[in-house]
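Participant: I'd like to ask some things about the structure below.
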Amino acid sequence: MPIELENLTYTYMPGTPFEARAVDDLSLKIEDGEFLGIIGHTGSGKTTMIGLIAGLLKPTSGRVLIDGEDIAAKGYDRKKLRRKIGVVFQYPEHQLFEETVYKDIAFGPGKLGISEAETEERVRYAMELMELDFDSVKNLSPFELSGGQKRRVAIAGVLAMKPSVLILDEPVAGLDPAGRIHLMNMIRRLNREGVTILLITHSMDDLAENARRVVVLKGSRLLMDGTPAEVFARREELTAASLDVPCVAEIAAKLRARGKDIPPGIIRLDDLQRCVEDMLGGRP
Amino acid sequence: MIKNITLGQYFPGNSVIHRLDARMKLVLVIAVIVLVFMARTVIGNAVVLAFLAAVIIMSRISVKFVLRGIKPLWFIILLTFVLNVFFHQGGNELFSWWILRVSEEGLISAVRLAARLIFLITATTMLTLTTSPISLTDGLESLMKPLKAVRFPVHELAMMMTIAMRFIPTLIEETDKIMKAQTARGAEFDSGNVIKRATGMVPLLVPLFVSAFRRADELAFAMESRCYHGGEGRTRMKVMHLAGRDWAAAAVVAALIVFMAFGF
């Protein structure tokens with residue numbers, strides 16, 4: 001189910017001195033199974049954009065089409081939308097509310113009207129994906145878990161809805177390195193299984209390694225749209241938008257400045273490693 | 001999702017009204033309330049109306065925005081109006097139908113009461129629209145200082161109010177965020193019957209309470225680590241002082257009160 005944004009505009013608090021245009025004339029088409037990275041400086045409209053895609057905000061003008069259907073149209077089935085699109089917001093652990101981990105994860109499936117037997121299966125599946133031990137954790141209160149575990153439970157609550165599009169808003173912010181690697185692996189695995197991923201992140205390294213397409217927002221507008229190699233090649237523009245390039249691209253640029261022969265478009269660690277090995281005369 | 005909460009919401013600006021001293025504004029609002037109750041005649045009410053209109057114009061806030069603050073109270077205004085029209089005893093009967101009868105006096109007193117209510121709300125709304133919550137509580141603290149003599153915890157009360165007001169926008173933002181997150185998980189906050197709606201609030205209220213307590217805890221910690229120990233010996237970054245405009249404003253209101261005292 002492709003997602004199309006047509007001249008999408010959203011204004012906060014129109015008609016007051018607090019009026020602010022958060023998304024301005026944004027057009028974009030996202031195909032099935034894509035791994036799309038969304039980057040932009042704070043306040044560039046990323047979070048508003050995903051709110052609009054998930055149907056949580058009503059566009060001031062423009063349209064969001066999912067499967068060719070306008071989601072703001074009257075009579076559009078919101079439940080269908082919730083089933084298709086899962087959203088992991090920033091600090092999702094703040095949305096936990098149930099008495100037990102199991103009940104919290106089962107909240108979404110329950111709201112979608114899924115049978116109890118299947119709900120249990122889904123909770124197991126989601127907890128397994130998030131590396132939470134079903135038997136020992138399911139009856140704990142989510143409030144007695146550690147911060148990292150809370151986040152896992154909250155994300156599991158979204159995964160249990162088995163969305164075909166998964167939107168994540170800075171899911172690794174504040175996680176320890178192990179938690180971050182695990183989460184990125186999990187996202188990659190879901191993408192391989194056919195889930196469309198929309199990932200907002202400030203980690204250019206994560207995008208360089210994983211995303212197949214990157215869009216850059218600046219001042220509520222679309223600034224760039226292309227493969228990570230294309231986007232990260234436009235270093236000056238990114239710097240002007242208060243963004244940086246992946247660590248690997250930075251090293252490659254420095255090596256080039258020293259007269260080393262590094263081909264353009266090197267943004268991944270293993271590619272750089274190969275180049276450096278070639279430079280040093282093959283693998284030891 | 002959550003909008004139009006003008007009552008008690010600061011509207012940033014730099015007009016004369018905005019720059020008036022918060023203490024003076026508080027005192028003057030009380031004086032204006034007295035003024036509103038003193039006004040008995042049409043001329044008196046017209047003067048109050050003109051005065052409030054002048055204040056609104058000088059504050060450079062659109063009338064539309066000010067009236068938005070009255071919106072939640074329309075029902076009460078309308079109810080008092082209707083009750084007054086129909087249940088006024090005696091006077092010249094204009095027309096009657098069934099048990100309802102409308103008299104000239106009833107109509108006049110209804111209009112007067114409705115106008116009075118609107119004036120009162122406008123006056124207090126203008127105070128909160130043009131005064132930031134922080135300077136408002138600072139003003140209150142300073143005005144209530146004499147109560148310290150009777151061991152009334154003035155500073156603590158003002159600090160509590162400042163913190164409470166400081167966190168209103170934060171909590172609204174938080175509510176909005178949690179609502180969106182739960183909506184994305186299929187929760188519905190605006191459908192079903194009363195019971196369904198009430199239970200539907202649980203996924204919103206529990207996280208909200210948890211985060212409010214967490215924030216309170218963090219704030220207490222942050223304040224303590226910056227050596228906060230109550231009001232004793234505390235100095236201010238913004239020291240309030242009365243300027244010429246404050247005395248001018250006071251003179252205008254005083255003049256109006258004297259005018260009303262002559263029976264208008």
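Ligands are numbered from 1 in the order shown, residues from 1 within each chain, and chains are lettered A, B, ... in the order they appear in the structure tokens.
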Using only C-alpha atoms, I'd like every residue of chain A that has an atom within 10 Å of chain B; please write them out as number ranges by chain.
Facilitator: A: 12-13, 15-18, 51, 54-58, 78-83, 85-90, 92-98, 104-105, 107-113, 143, 157-158, 160-161
Participant: Taking 6 positions as the minimum chain separation for residues in the same chain, which residues sit within 9 Å of region 177-184 of chain A when counting only C-alpha atoms? Answer as a list in words.
Facilitator: Met130, Glu131, Gly148, Arg152, Pro171, Asp206 and Asn210 of chain A
Participant: Can you spit out the residues from that selection as a short mmCIF file (atom, residue, chain, number, x, y, z; two decimals), in the first residue's frame, using C-alpha atoms?
Facilitator:
data_model
loop_
_atom_site.label_atom_id
_atom_site.label_comp_id
_atom_site.auth_asym_id
_atom_site.auth_seq_id
_atom_site.Cartn_x
_atom_site.Cartn_y
_atom_site.Cartn_z
CA MET A 130 11.70 -7.09 21.36
CA GLU A 131 13.66 -9.78 23.24
CA GLY A 148 15.16 0.38 28.45
CA ARG A 152 10.77 -2.40 24.61
CA PRO A 171 13.35 5.24 18.64
CA ASP A 206 22.10 4.32 11.27
CA ASN A 210 20.13 0.78 6.73
#
Participant: Restricting the calculation to only C-alpha atoms, which member of B:Thr122, B:Met161, B:Asn193, B:Ile134 is positioned closest to Lys71 (chain B)?
Facilitator: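 For Lys71 (chain B), the nearest of the given residues is B:Thr122.
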Participant: Do a neighbour search on Asp21 (chain B) at 9 Å with only C-alpha atoms, toss out local chain neighbours closer than 4 positions, and write the hits as a PyMOL selection string.
Facilitator: chain B and resi 17+25-26+131+135+139+240-243+245-246
Participant: Would you export the selected residues with C-alpha atoms as a short mmCIF file (atom, residue, chain, number, x, y, z; two decimals), in the first residue's frame, please?
Facilitator:
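And here is the file that came out, result.cif:
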data_model
loop_
_atom_site.label_atom_id
_atom_site.label_comp_id
_atom_site.auth_asym_id
_atom_site.auth_seq_id
_atom_site.Cartn_x
_atom_site.Cartn_y
_atom_site.Cartn_z
CA ILE B 17 -1.14 47.48 28.91
CA LYS B 25 -2.87 45.71 37.19
CA LEU B 26 -4.15 43.35 39.88
CA THR B 131 0.25 39.61 32.09
CA SER B 135 4.68 38.27 36.71
CA GLY B 139 2.55 40.55 41.72
CA MET B 240 9.17 45.39 40.03
CA HIS B 241 8.84 49.13 40.22
CA LEU B 242 5.98 51.48 39.49
CA ALA B 243 6.44 53.79 36.52
CA ARG B 245 2.18 54.86 33.25
CA ASP B 246 1.10 52.85 36.30
#
Participant: Give me the residues near region 6-11 of chain A as a CSV table (one decimal) with N, CA and C atoms, in the first residue's frame, where near means some atom within 8 Å (using only C-alpha atoms) and where sequence neighbours in that chain fewer than 2 positions away do not count.
Facilitator:
chain,number,residue,atom,x,y,z
A,4,GLU,N,1.0,8.3,-0.5
A,4,GLU,CA,1.3,9.5,-1.3
A,4,GLU,C,0.9,10.7,-0.5
A,13,MET,N,-2.2,26.2,15.2
A,13,MET,CA,-2.9,27.4,15.8
A,13,MET,C,-3.1,28.5,14.8
A,14,PRO,N,-3.8,28.2,13.7
A,14,PRO,CA,-4.0,29.3,12.7
A,14,PRO,C,-4.8,30.5,13.3
A,19,GLU,N,0.7,31.1,15.6
A,19,GLU,CA,0.5,30.4,14.3
A,19,GLU,C,1.9,30.0,13.8
A,20,ALA,N,2.0,28.8,13.3
A,20,ALA,CA,3.3,28.3,12.8
A,20,ALA,C,3.0,27.2,11.8
A,21,ARG,N,3.7,27.4,10.6
A,21,ARG,CA,3.5,26.4,9.6
A,21,ARG,C,4.5,25.3,9.8
A,22,ALA,N,4.1,24.1,10.1
A,22,ALA,CA,5.0,23.0,10.5
A,22,ALA,C,5.3,22.2,9.3
A,23,VAL,N,4.4,22.1,8.3
A,23,VAL,CA,4.7,21.3,7.1
A,23,VAL,C,4.2,22.2,6.0
A,24,ASP,N,5.0,22.4,5.0
A,24,ASP,CA,4.7,23.3,3.9
A,24,ASP,C,4.8,22.7,2.5
A,25,ASP,N,3.7,22.5,1.9
A,25,ASP,CA,3.6,22.0,0.5
A,25,ASP,C,4.5,20.8,0.2
A,26,LEU,N,4.3,19.8,1.0
A,26,LEU,CA,5.1,18.6,0.9
A,26,LEU,C,4.5,17.5,0.0
A,27,SER,N,5.2,17.1,-1.0
A,27,SER,CA,4.7,16.0,-1.9
A,27,SER,C,5.8,14.9,-1.9
A,28,LEU,N,5.3,13.7,-1.8
A,28,LEU,CA,6.2,12.6,-1.6
A,28,LEU,C,5.4,11.3,-1.9
A,48,THR,N,5.4,16.4,12.8
A,48,THR,CA,4.1,16.7,12.2
A,48,THR,C,3.8,15.9,11.0
A,58,LYS,N,-5.2,16.6,11.0
A,58,LYS,CA,-5.9,16.8,9.8
A,58,LYS,C,-5.2,17.9,9.0
A,59,PRO,N,-4.8,17.6,7.8
A,59,PRO,CA,-4.0,18.6,7.0
A,59,PRO,C,-4.8,19.9,6.8
A,60,THR,N,-4.1,21.0,6.9
A,60,THR,CA,-4.7,22.3,6.6
A,60,THR,C,-5.0,22.4,5.2
A,61,SER,N,-4.2,21.9,4.3
A,61,SER,CA,-4.5,21.7,2.9
A,61,SER,C,-3.6,20.6,2.4
A,62,GLY,N,-4.0,20.1,1.2
A,62,GLY,CA,-3.3,18.9,0.6
A,62,GLY,C,-3.9,17.6,1.1
A,63,ARG,N,-3.4,16.5,0.6
A,63,ARG,CA,-4.0,15.2,0.9
A,63,ARG,C,-2.9,14.2,1.2
A,64,VAL,N,-3.4,13.2,2.0
A,64,VAL,CA,-2.6,12.0,2.3
A,64,VAL,C,-3.4,10.9,1.7
A,65,LEU,N,-2.8,10.2,0.7
A,65,LEU,CA,-3.4,9.0,0.1
A,65,LEU,C,-2.7,7.8,0.5
